[in-house]
$ cat upload.cif   # mmCIF, C-alpha atoms
data_structure
#
loop_
_atom_site.group_PDB
_atom_site.id
_atom_site.type_symbol
_atom_site.label_atom_id
_atom_site.label_comp_id
_atom_site.auth_asym_id
_atom_site.auth_seq_id
_atom_site.Cartn_x
_atom_site.Cartn_y
_atom_site.Cartn_z
ATOM 1 C CA MET A 1 94.864 94.242 60.849
ATOM 2 C CA THR A 2 93.610 95.383 57.468
ATOM 3 C CA THR A 3 93.651 98.892 56.050
ATOM 4 C CA LEU A 4 91.450 101.136 53.940
ATOM 5 C CA THR A 5 88.742 98.548 53.450
ATOM 6 C CA GLU A 6 85.390 99.080 51.817
ATOM 7 C CA THR A 7 84.108 95.514 52.062
ATOM 8 C CA SER A 8 80.788 94.595 53.667
ATOM 9 C CA VAL A 9 80.631 93.316 57.229
ATOM 10 C CA ALA A 10 80.553 89.514 57.281
ATOM 11 C CA GLY A 11 77.040 88.237 57.538
ATOM 12 C CA ASN A 12 75.395 91.319 56.011
ATOM 13 C CA ASP A 13 74.101 89.716 52.785
ATOM 14 C CA ASP A 14 71.804 92.699 52.100
ATOM 15 C CA ARG A 15 68.687 90.539 51.733
ATOM 16 C CA ARG A 16 65.528 92.600 51.946
ATOM 17 C CA ASP A 17 62.427 91.817 53.933
ATOM 18 C CA ASN A 18 59.432 92.652 51.721
ATOM 19 C CA ASN A 19 57.241 93.164 54.785
ATOM 20 C CA GLU A 20 59.307 96.087 56.015
ATOM 21 C CA ASN A 21 60.314 99.227 54.231
ATOM 22 C CA ASN A 22 63.968 98.860 53.286
ATOM 23 C CA ALA A 23 64.766 96.770 56.389
ATOM 24 C CA ILE A 24 67.701 94.387 55.983
ATOM 25 C CA SER A 25 67.840 90.848 57.285
ATOM 26 C CA GLN A 26 70.725 91.442 59.678
ATOM 27 C CA LYS A 27 70.549 94.797 61.387
ATOM 28 C CA LEU A 28 73.910 96.254 62.361
ATOM 29 C CA MET A 29 74.629 98.361 65.428
ATOM 30 C CA VAL A 30 76.929 101.161 64.226
ATOM 31 C CA ALA A 31 78.633 103.379 66.836
ATOM 32 C CA LEU A 32 80.190 106.613 65.587
ATOM 33 C CA ASP A 33 82.613 108.885 67.390
ATOM 34 C CA VAL A 34 82.201 112.571 66.512
ATOM 35 C CA ASP A 35 85.319 114.721 66.821
ATOM 36 C CA GLY A 36 88.077 113.449 64.562
ATOM 37 C CA THR A 37 85.691 110.915 63.011
ATOM 38 C CA LEU A 38 82.473 112.520 61.738
ATOM 39 C CA VAL A 39 83.803 116.069 61.979
ATOM 40 C CA ASN A 40 87.295 117.477 61.669
ATOM 41 C CA HIS A 41 88.995 119.435 64.403
ATOM 42 C CA ASP A 42 87.293 122.624 63.196
ATOM 43 C CA GLY A 43 83.912 120.953 63.720
ATOM 44 C CA HIS A 44 83.147 120.608 60.001
ATOM 45 C CA MET A 45 81.316 117.534 58.663
ATOM 46 C CA SER A 46 81.837 116.908 54.951
ATOM 47 C CA ALA A 47 78.928 116.239 52.606
ATOM 48 C CA GLY A 48 80.328 112.758 51.915
ATOM 49 C CA VAL A 49 80.338 111.785 55.587
ATOM 50 C CA ARG A 50 76.888 113.238 56.210
ATOM 51 C CA GLU A 51 75.328 111.554 53.173
ATOM 52 C CA SER A 52 76.887 108.148 53.858
ATOM 53 C CA ALA A 53 75.729 108.273 57.497
ATOM 54 C CA GLN A 54 72.234 109.230 56.377
ATOM 55 C CA ALA A 55 72.223 106.315 53.923
ATOM 56 C CA VAL A 56 73.123 103.809 56.642
ATOM 57 C CA VAL A 57 70.337 105.220 58.837
ATOM 58 C CA ALA A 58 67.879 104.977 55.941
ATOM 59 C CA ALA A 59 68.929 101.361 55.319
ATOM 60 C CA GLY A 60 67.521 100.440 58.735
ATOM 61 C CA HIS A 61 70.689 99.905 60.756
ATOM 62 C CA GLU A 62 70.914 101.052 64.389
ATOM 63 C CA VAL A 63 73.237 104.028 63.968
ATOM 64 C CA MET A 64 74.208 105.812 67.157
ATOM 65 C CA ILE A 65 76.576 108.566 68.166
ATOM 66 C CA ALA A 66 79.103 107.564 70.848
ATOM 67 C CA THR A 67 81.020 110.656 71.918
ATOM 68 C CA GLY A 68 82.863 112.365 74.712
ATOM 69 C CA ARG A 69 80.761 115.451 74.041
ATOM 70 C CA SER A 70 78.044 116.425 76.459
ATOM 71 C CA LEU A 71 74.365 116.144 75.558
ATOM 72 C CA ASN A 72 73.804 119.633 74.152
ATOM 73 C CA ALA A 73 76.895 119.402 71.956
ATOM 74 C CA THR A 74 75.795 115.979 70.675
ATOM 75 C CA LEU A 75 72.229 116.837 69.635
ATOM 76 C CA PRO A 76 73.261 118.957 66.586
ATOM 77 C CA ILE A 77 75.275 116.006 65.220
ATOM 78 C CA ILE A 78 72.314 113.651 65.696
ATOM 79 C CA GLU A 79 70.111 116.108 63.830
ATOM 80 C CA LYS A 80 72.639 116.611 61.036
ATOM 81 C CA ILE A 81 72.755 112.921 60.139
ATOM 82 C CA GLY A 82 69.026 112.465 60.622
ATOM 83 C CA ILE A 83 68.740 110.017 63.512
ATOM 84 C CA GLU A 84 65.170 110.455 64.803
ATOM 85 C CA ARG A 85 64.743 107.092 66.521
ATOM 86 C CA GLY A 86 67.255 105.039 68.450
ATOM 87 C CA TYR A 87 69.922 105.833 70.993
ATOM 88 C CA ALA A 88 73.020 107.936 71.596
ATOM 89 C CA VAL A 89 75.902 107.814 74.064
ATOM 90 C CA CYS A 90 77.363 111.075 75.427
ATOM 91 C CA CYS A 91 80.004 112.021 78.019
ATOM 92 C CA ASN A 92 82.150 108.964 77.177
ATOM 93 C CA GLY A 93 79.374 106.659 78.364
ATOM 94 C CA GLY A 94 78.195 108.778 81.272
ATOM 95 C CA VAL A 95 74.875 109.658 79.623
ATOM 96 C CA THR A 96 72.668 107.512 77.362
ATOM 97 C CA LEU A 97 69.784 108.973 75.355
ATOM 98 C CA ARG A 98 66.720 107.439 73.752
ATOM 99 C CA LEU A 99 65.643 109.262 70.612
ATOM 100 C CA HIS A 100 62.071 109.478 69.346
ATOM 101 C CA PRO A 101 60.093 112.291 67.648
ATOM 102 C CA ALA A 102 57.245 111.934 70.160
ATOM 103 C CA LEU A 103 59.497 112.813 73.115
ATOM 104 C CA ASP A 104 59.898 116.363 74.364
ATOM 105 C CA GLY A 105 62.806 117.764 72.379
ATOM 106 C CA GLY A 106 63.091 114.444 70.551
ATOM 107 C CA TYR A 107 64.974 112.629 73.307
ATOM 108 C CA GLU A 108 65.044 111.454 76.915
ATOM 109 C CA VAL A 109 67.930 110.537 79.218
ATOM 110 C CA ILE A 110 67.593 106.848 80.104
ATOM 111 C CA HIS A 111 70.844 106.446 82.027
ATOM 112 C CA LYS A 112 73.244 108.785 83.810
ATOM 113 C CA ALA A 113 76.351 107.609 85.684
ATOM 114 C CA THR A 114 77.415 110.080 88.393
ATOM 115 C CA PHE A 115 80.364 110.075 90.777
ATOM 116 C CA ASP A 116 82.146 112.077 93.486
ATOM 117 C CA PRO A 117 84.899 114.025 91.680
ATOM 118 C CA GLY A 118 86.590 115.259 94.870
ATOM 119 C CA PRO A 119 89.350 112.660 95.305
ATOM 120 C CA ALA A 120 90.443 112.810 91.654
ATOM 121 C CA LEU A 121 90.336 116.610 91.539
ATOM 122 C CA ARG A 122 92.372 117.011 94.735
ATOM 123 C CA ALA A 123 95.025 114.567 93.559
ATOM 124 C CA LEU A 124 95.300 116.069 90.091
ATOM 125 C CA ARG A 125 95.464 119.673 91.282
ATOM 126 C CA GLU A 126 98.400 118.815 93.497
ATOM 127 C CA ARG A 127 100.220 117.418 90.460
ATOM 128 C CA LEU A 128 98.849 119.847 87.818
ATOM 129 C CA PRO A 129 98.326 123.142 89.696
ATOM 130 C CA SER A 130 98.200 125.320 86.562
ATOM 131 C CA ALA A 131 95.568 123.232 84.761
ATOM 132 C CA LYS A 132 91.968 124.341 84.221
ATOM 133 C CA TYR A 133 89.172 122.204 85.662
ATOM 134 C CA ALA A 134 85.537 121.785 84.701
ATOM 135 C CA LEU A 135 82.738 119.336 85.347
ATOM 136 C CA GLU A 136 79.241 118.539 84.189
ATOM 137 C CA ASP A 137 76.928 118.081 87.148
ATOM 138 C CA GLU A 138 73.905 115.793 87.396
ATOM 139 C CA GLU A 139 71.598 118.607 86.220
ATOM 140 C CA GLY A 140 73.549 119.124 82.996
ATOM 141 C CA ASN A 141 75.257 122.355 84.108
ATOM 142 C CA PHE A 142 78.960 122.916 83.483
ATOM 143 C CA LEU A 143 80.986 124.382 86.332
ATOM 144 C CA SER A 144 84.516 125.569 85.637
ATOM 145 C CA THR A 145 87.516 127.342 87.066
ATOM 146 C CA GLU A 146 88.985 130.350 85.244
ATOM 147 C CA ARG A 147 85.920 130.594 82.951
ATOM 148 C CA PHE A 148 87.105 127.463 81.155
ATOM 149 C CA GLN A 149 84.909 126.961 78.074
ATOM 150 C CA ASP A 150 84.856 124.351 75.295
ATOM 151 C CA ALA A 151 82.523 123.532 72.396
ATOM 152 C CA SER A 152 82.142 119.957 73.669
ATOM 153 C CA PHE A 153 80.293 121.249 76.753
ATOM 154 C CA GLY A 154 77.285 122.333 74.692
ATOM 155 C CA VAL A 155 76.387 125.015 77.242
ATOM 156 C CA GLU A 156 78.153 128.053 78.652
ATOM 157 C CA ALA A 157 80.187 127.072 81.682
ATOM 158 C CA ILE A 158 79.515 128.755 85.021
ATOM 159 C CA GLY A 159 82.632 130.108 86.710
ATOM 160 C CA VAL A 160 83.100 128.750 90.239
ATOM 161 C CA ASP A 161 85.935 128.284 92.698
ATOM 162 C CA PHE A 162 87.727 124.975 92.994
ATOM 163 C CA HIS A 163 86.053 124.144 96.303
ATOM 164 C CA THR A 164 82.631 124.247 94.610
ATOM 165 C CA LEU A 165 83.812 121.621 92.105
ATOM 166 C CA LEU A 166 84.884 119.385 94.976
ATOM 167 C CA GLU A 167 81.372 119.427 96.451
ATOM 168 C CA ALA A 168 79.494 118.777 93.192
ATOM 169 C CA THR A 169 78.185 115.453 91.881
ATOM 170 C CA ALA A 170 79.727 114.881 88.452
ATOM 171 C CA VAL A 171 78.826 113.110 85.245
ATOM 172 C CA ARG A 172 81.998 114.225 83.492
ATOM 173 C CA VAL A 173 85.185 115.964 84.642
ATOM 174 C CA VAL A 174 87.519 117.738 82.222
ATOM 175 C CA VAL A 175 91.081 118.845 82.945
ATOM 176 C CA PHE A 176 92.942 121.001 80.411
ATOM 177 C CA SER A 177 96.364 122.604 80.352
ATOM 178 C CA THR A 178 98.238 124.722 77.823
ATOM 179 C CA GLU A 179 101.438 124.137 79.784
ATOM 180 C CA ASN A 180 101.546 120.330 79.719
ATOM 181 C CA THR A 181 101.901 117.761 76.945
ATOM 182 C CA PRO A 182 99.666 114.654 76.733
ATOM 183 C CA GLU A 183 102.696 112.648 77.866
ATOM 184 C CA GLU A 184 103.092 114.830 80.959
ATOM 185 C CA PHE A 185 99.380 114.411 81.635
ATOM 186 C CA THR A 186 99.734 110.652 81.408
ATOM 187 C CA ALA A 187 102.730 110.702 83.749
ATOM 188 C CA ALA A 188 100.769 112.805 86.249
ATOM 189 C CA ILE A 189 97.836 110.393 86.139
ATOM 190 C CA GLU A 190 100.134 107.433 86.685
ATOM 191 C CA HIS A 191 101.810 109.199 89.600
ATOM 192 C CA VAL A 192 98.472 110.121 91.173
ATOM 193 C CA GLY A 193 97.088 106.609 90.675
ATOM 194 C CA LEU A 194 93.466 107.618 90.088
ATOM 195 C CA ALA A 195 91.103 105.158 91.728
ATOM 196 C CA GLY A 196 87.347 104.802 91.397
ATOM 197 C CA VAL A 197 87.154 106.664 88.073
ATOM 198 C CA THR A 198 87.692 105.946 84.368
ATOM 199 C CA TYR A 199 89.859 108.368 82.416
ATOM 200 C CA SER A 200 91.313 109.039 78.976
ATOM 201 C CA VAL A 201 93.892 111.517 77.694
ATOM 202 C CA GLY A 202 93.129 113.370 74.471
ATOM 203 C CA TRP A 203 95.179 114.679 71.555
ATOM 204 C CA THR A 204 96.228 117.741 73.532
ATOM 205 C CA ALA A 205 96.819 117.983 77.277
ATOM 206 C CA TRP A 206 93.168 117.179 77.863
ATOM 207 C CA LEU A 207 91.808 114.688 80.354
ATOM 208 C CA ASP A 208 88.239 113.336 80.493
ATOM 209 C CA ILE A 209 87.108 111.516 83.645
ATOM 210 C CA ALA A 210 83.945 109.439 84.076
ATOM 211 C CA ALA A 211 82.572 107.194 86.814
ATOM 212 C CA ALA A 212 84.390 103.941 87.562
ATOM 213 C CA GLY A 213 83.863 101.343 84.843
ATOM 214 C CA VAL A 214 82.034 103.776 82.571
ATOM 215 C CA THR A 215 83.247 104.023 78.973
ATOM 216 C CA LYS A 216 81.658 104.307 75.562
ATOM 217 C CA ALA A 217 81.966 100.526 75.364
ATOM 218 C CA SER A 218 80.115 99.890 78.630
ATOM 219 C CA ALA A 219 77.200 102.083 77.539
ATOM 220 C CA LEU A 220 77.117 100.522 74.074
ATOM 221 C CA GLU A 221 77.114 97.011 75.504
ATOM 222 C CA ASN A 222 74.062 97.885 77.586
ATOM 223 C CA LEU A 223 72.328 99.111 74.443
ATOM 224 C CA ARG A 224 73.392 96.059 72.450
ATOM 225 C CA GLY A 225 71.722 93.824 75.028
ATOM 226 C CA ARG A 226 68.634 96.029 75.021
ATOM 227 C CA LEU A 227 68.389 95.804 71.225
ATOM 228 C CA GLY A 228 69.177 92.093 71.050
ATOM 229 C CA ILE A 229 71.897 92.535 68.424
ATOM 230 C CA GLU A 230 74.575 89.840 68.169
ATOM 231 C CA PRO A 231 78.135 90.962 69.054
ATOM 232 C CA HIS A 232 79.489 90.174 65.568
ATOM 233 C CA LEU A 233 76.990 92.619 64.055
ATOM 234 C CA THR A 234 78.486 95.625 65.867
ATOM 235 C CA VAL A 235 80.632 98.246 64.123
ATOM 236 C CA ALA A 236 82.498 101.175 65.691
ATOM 237 C CA ILE A 237 84.582 103.994 64.195
ATOM 238 C CA GLY A 238 86.797 106.290 66.266
ATOM 239 C CA ASP A 239 90.103 108.092 66.482
ATOM 240 C CA GLY A 240 90.819 108.944 70.114
ATOM 241 C CA ARG A 241 92.199 107.255 73.184
ATOM 242 C CA ASN A 242 88.690 107.404 74.642
ATOM 243 C CA ASP A 243 87.650 105.122 71.740
ATOM 244 C CA ILE A 244 90.036 102.273 72.565
ATOM 245 C CA GLU A 245 87.522 100.262 74.615
ATOM 246 C CA MET A 246 84.804 100.868 72.013
ATOM 247 C CA LEU A 247 86.981 99.656 69.139
ATOM 248 C CA SER A 248 87.944 96.548 71.104
ATOM 249 C CA TRP A 249 84.281 95.923 71.973
ATOM 250 C CA ALA A 250 82.994 96.083 68.406
ATOM 251 C CA GLY A 251 82.800 93.101 66.098
ATOM 252 C CA ARG A 252 84.364 95.414 63.540
ATOM 253 C CA GLY A 253 86.404 98.198 65.126
ATOM 254 C CA VAL A 254 87.768 100.772 62.689
ATOM 255 C CA ALA A 255 90.378 103.381 63.596
ATOM 256 C CA MET A 256 90.652 106.627 61.683
ATOM 257 C CA GLY A 257 93.854 107.087 59.718
ATOM 258 C CA GLN A 258 95.166 109.873 61.948
ATOM 259 C CA ALA A 259 94.588 107.942 65.194
ATOM 260 C CA PRO A 260 97.475 107.425 67.659
ATOM 261 C CA GLU A 261 99.289 104.097 67.554
ATOM 262 C CA GLU A 262 97.583 102.697 70.659
ATOM 263 C CA VAL A 263 94.163 103.404 69.125
ATOM 264 C CA ILE A 264 95.122 101.711 65.860
ATOM 265 C CA ALA A 265 96.403 98.728 67.836
ATOM 266 C CA ALA A 266 92.947 98.289 69.417
ATOM 267 C CA ALA A 267 91.165 98.272 66.042
ATOM 268 C CA ASP A 268 90.536 95.521 63.496
ATOM 269 C CA GLU A 269 91.265 97.817 60.579
ATOM 270 C CA VAL A 270 92.247 101.358 59.667
ATOM 271 C CA THR A 271 90.466 103.685 57.268
ATOM 272 C CA HIS A 272 91.476 107.029 55.756
ATOM 273 C CA SER A 273 91.955 110.060 57.986
ATOM 274 C CA VAL A 274 89.158 112.462 58.882
ATOM 275 C CA PHE A 275 90.583 114.861 56.288
ATOM 276 C CA ASP A 276 89.983 112.235 53.580
ATOM 277 C CA ASP A 277 86.487 111.215 54.721
ATOM 278 C CA GLY A 278 87.614 107.960 56.303
ATOM 279 C CA ALA A 279 84.290 107.473 58.093
ATOM 280 C CA ALA A 280 82.423 107.752 54.782
ATOM 281 C CA HIS A 281 84.497 104.912 53.294
ATOM 282 C CA VAL A 282 83.515 102.625 56.180
ATOM 283 C CA LEU A 283 79.866 103.671 56.193
ATOM 284 C CA ARG A 284 79.508 103.048 52.464
ATOM 285 C CA SER A 285 80.873 99.545 52.979
ATOM 286 C CA LEU A 286 77.844 98.765 55.163
ATOM 287 C CA LEU A 287 75.368 99.361 52.338
#

$ encode --input "upload.cif" --output "structure tokens"
Amino acid sequence: MTTLTETSVAGNDDRRDNNENNAISQKLMVALDVDGTLVNHDGHMSAGVRESAQAVVAAGHEVMIATGRSLNATLPIIEKIGIERGYAVCCNGGVTLRLHPALDGGYEVIHKATFDPGPALRALRERLPSAKYALEDEEGNFLSTERFQDASFGVEAIGVDFHTLLEATAVRVVVFSTENTPEEFTAAIEHVGLAGVTYSVGWTAWLDIAAAGVTKASALENLRGRLGIEPHLTVAIGDGRNDIEMLSWAGRGVAMGQAPEEVIAAADEVTHSVFDDGAAHVLRSLL
């Protein structure tokens, strides 16, 4: 594994095609996590990160957000870095968007992976009775216990009882606790033995659950095939445990400097932390 690199991706010789405006001979597919990668934990994106992302978009590469955030919390990031055409992955792979200015609102949902959250919720509540639970349903609404609210939802959550969550069809389930550590969350998950879902534990005692087999990587691989981009021309940057599959999938997987050890182990290289504009260093290396 290498560290703090600013070299170009192998194969990107930056030759220009005179018949296209600023299009390069080998288009890269660049997948960018948001929280802890493009923005810090206060939600701030530095000018350096924004400008370097905009430059990679302008150079003609396929730049796409790949985030655990829900759709409405992802759209402002897409707008900030100026992606008008292309694709985006939300809800840890549960929702895929196509972006184009001619579409209503500038986007359309082209894929949504739903699942029955009941079995996972029942098992987890037995093990984590004091946790807060929320889910995004197939209509894009967020339902939550105890008025649980988070910026990653993108909409105001609707307070419901736990039984209502059990009967909903989910795109994304979130479990949060102020009384448990991430390690205790992991132990609870292992004890429960979640089946039929994909899950990841965050920096805090925060659990994201998606449909079985659905990750950022699975959604990105579908898009890679759709775009006809070779695997070695894929780049991904992330910092969280929900980025592990994505970093392993990419031809060049880059972990942020503050990432946990298991995330770094899945990457090909490590850049600076989010506080030192690590994503900007990688993005500039693509130009």

$ residues_around --input "upload.cif" --residues "Glu230 of chain A" --least-positions-apart "5" --cutoff "9 Å" --atoms "all atoms listed in the file" --output "PyMOL selection string"
chain A and resi 28-29+224-225

$ resolve_selection --input "upload.cif" --expression "the PyMOL selection byres ((chain A and resi 272) around 9)" --output "PyMOL selection string"
chain A and resi 3-4+255-258+270-271+273-279+281

$ residues_around --input "upload.cif" --residues "segment 155-168 of chain A" --least-positions-apart "6" --cutoff "8 Å" --atoms "all atoms listed in the file" --output "list in words"
Asn72, Ala73, Asp116, Pro117, Gly118, Leu121, Arg122, Tyr133, Ala134, Leu135, Asp137, Asn141, Phe142, Leu143, Ser144, Thr145, Glu146, Arg147, Phe148 and Gln149 of chain A

$ write_last_selection --input "upload.cif" --atoms "C-alpha atoms" --output "PDB file, in the coordinates of the input"
ATOM      1  CA  ASN A  72      73.804 119.633  74.152  1.00  0.00           C
ATOM      2  CA  ALA A  73      76.895 119.402  71.956  1.00  0.00           C
ATOM      3  CA  ASP A 116      82.146 112.077  93.486  1.00  0.00           C
ATOM      4  CA  PRO A 117      84.899 114.025  91.680  1.00  0.00           C
ATOM      5  CA  GLY A 118      86.590 115.259  94.870  1.00  0.00           C
ATOM      6  CA  LEU A 121      90.336 116.610  91.539  1.00  0.00           C
ATOM      7  CA  ARG A 122      92.372 117.011  94.735  1.00  0.00           C
ATOM      8  CA  TYR A 133      89.172 122.204  85.662  1.00  0.00           C
ATOM      9  CA  ALA A 134      85.537 121.785  84.701  1.00  0.00           C
ATOM     10  CA  LEU A 135      82.738 119.336  85.347  1.00  0.00           C
ATOM     11  CA  ASP A 137      76.928 118.081  87.148  1.00  0.00           C
ATOM     12  CA  ASN A 141      75.257 122.355  84.108  1.00  0.00           C
ATOM     13  CA  PHE A 142      78.960 122.916  83.483  1.00  0.00           C
ATOM     14  CA  LEU A 143      80.986 124.382  86.332  1.00  0.00           C
ATOM     15  CA  SER A 144      84.516 125.569  85.637  1.00  0.00           C
ATOM     16  CA  THR A 145      87.516 127.342  87.066  1.00  0.00           C
ATOM     17  CA  GLU A 146      88.985 130.350  85.244  1.00  0.00           C
ATOM     18  CA  ARG A 147      85.920 130.594  82.951  1.00  0.00           C
ATOM     19  CA  PHE A 148      87.105 127.463  81.155  1.00  0.00           C
ATOM     20  CA  GLN A 149      84.909 126.961  78.074  1.00  0.00           C
TER      21      GLN A 149
END

$ axis_aligned_box --input "upload.cif" --around "segment 178-197 of chain A" --padding-each-side "8 Å" --output "AutoDock Vina command-line options"
--center_x 95.1 --center_y 114.8 --center_z 84.2 --size_x 31.9 --size_y 35.9 --size_z 31.0

$ resolve_selection --input "upload.cif" --expression "the PyMOL selection byres ((chain A and resi 34) around 8)" --output "list of chain:residue names"
A:Leu32, A:Asp33, A:Asp35, A:Gly36, A:Thr37, A:Leu38, A:Val39, A:Ile65, A:Ala66, A:Thr67, A:Ile77, A:Gly238

$ residues_around --input "upload.cif" --residues "Arg69 of chain A" --least-positions-apart "4" --cutoff "8 Å" --atoms "all atoms listed in the file" --output "ChimeraX atom specification"
/A:73-74,90-92,152-154

$ write_last_selection --input "upload.cif" --atoms "C-alpha atoms" --output "JSON list (two decimals), in the frame of the given file"
[["chain", "number", "residue", "atom", "x", "y", "z"],
["A", 73, "ALA", "CA", 76.90, 119.40, 71.96],
["A", 74, "THR", "CA", 75.80, 115.98, 70.68],
["A", 90, "CYS", "CA", 77.36, 111.08, 75.43],
["A", 91, "CYS", "CA", 80.00, 112.02, 78.02],
["A", 92, "ASN", "CA", 82.15, 108.96, 77.18],
["A", 152, "SER", "CA", 82.14, 119.96, 73.67],
["A", 153, "PHE", "CA", 80.29, 121.25, 76.75],
["A", 154, "GLY", "CA", 77.28, 122.33, 74.69]]

$ resolve_selection --input "upload.cif" --expression "the PyMOL selection byres ((chain A and resi 235-237) around 6)" --output "ChimeraX atom specification"
/A:30-32,234,238,247,250-255

$ write_last_selection --input "upload.cif" --atoms "C-alpha atoms" --output "PDB file, in the frame of the given file"
ATOM      1  CA  VAL A  30      76.929 101.161  64.226  1.00  0.00           C
ATOM      2  CA  ALA A  31      78.633 103.379  66.836  1.00  0.00           C
ATOM      3  CA  LEU A  32      80.190 106.613  65.587  1.00  0.00           C
ATOM      4  CA  THR A 234      78.486  95.625  65.867  1.00  0.00           C
ATOM      5  CA  GLY A 238      86.797 106.290  66.266  1.00  0.00           C
ATOM      6  CA  LEU A 247      86.981  99.656  69.139  1.00  0.00           C
ATOM      7  CA  ALA A 250      82.994  96.083  68.406  1.00  0.00           C
ATOM      8  CA  GLY A 251      82.800  93.101  66.098  1.00  0.00           C
ATOM      9  CA  ARG A 252      84.364  95.414  63.540  1.00  0.00           C
ATOM     10  CA  GLY A 253      86.404  98.198  65.126  1.00  0.00           C
ATOM     11  CA  VAL A 254      87.768 100.772  62.689  1.00  0.00           C
ATOM     12  CA  ALA A 255      90.378 103.381  63.596  1.00  0.00           C
TER      13      ALA A 255
END
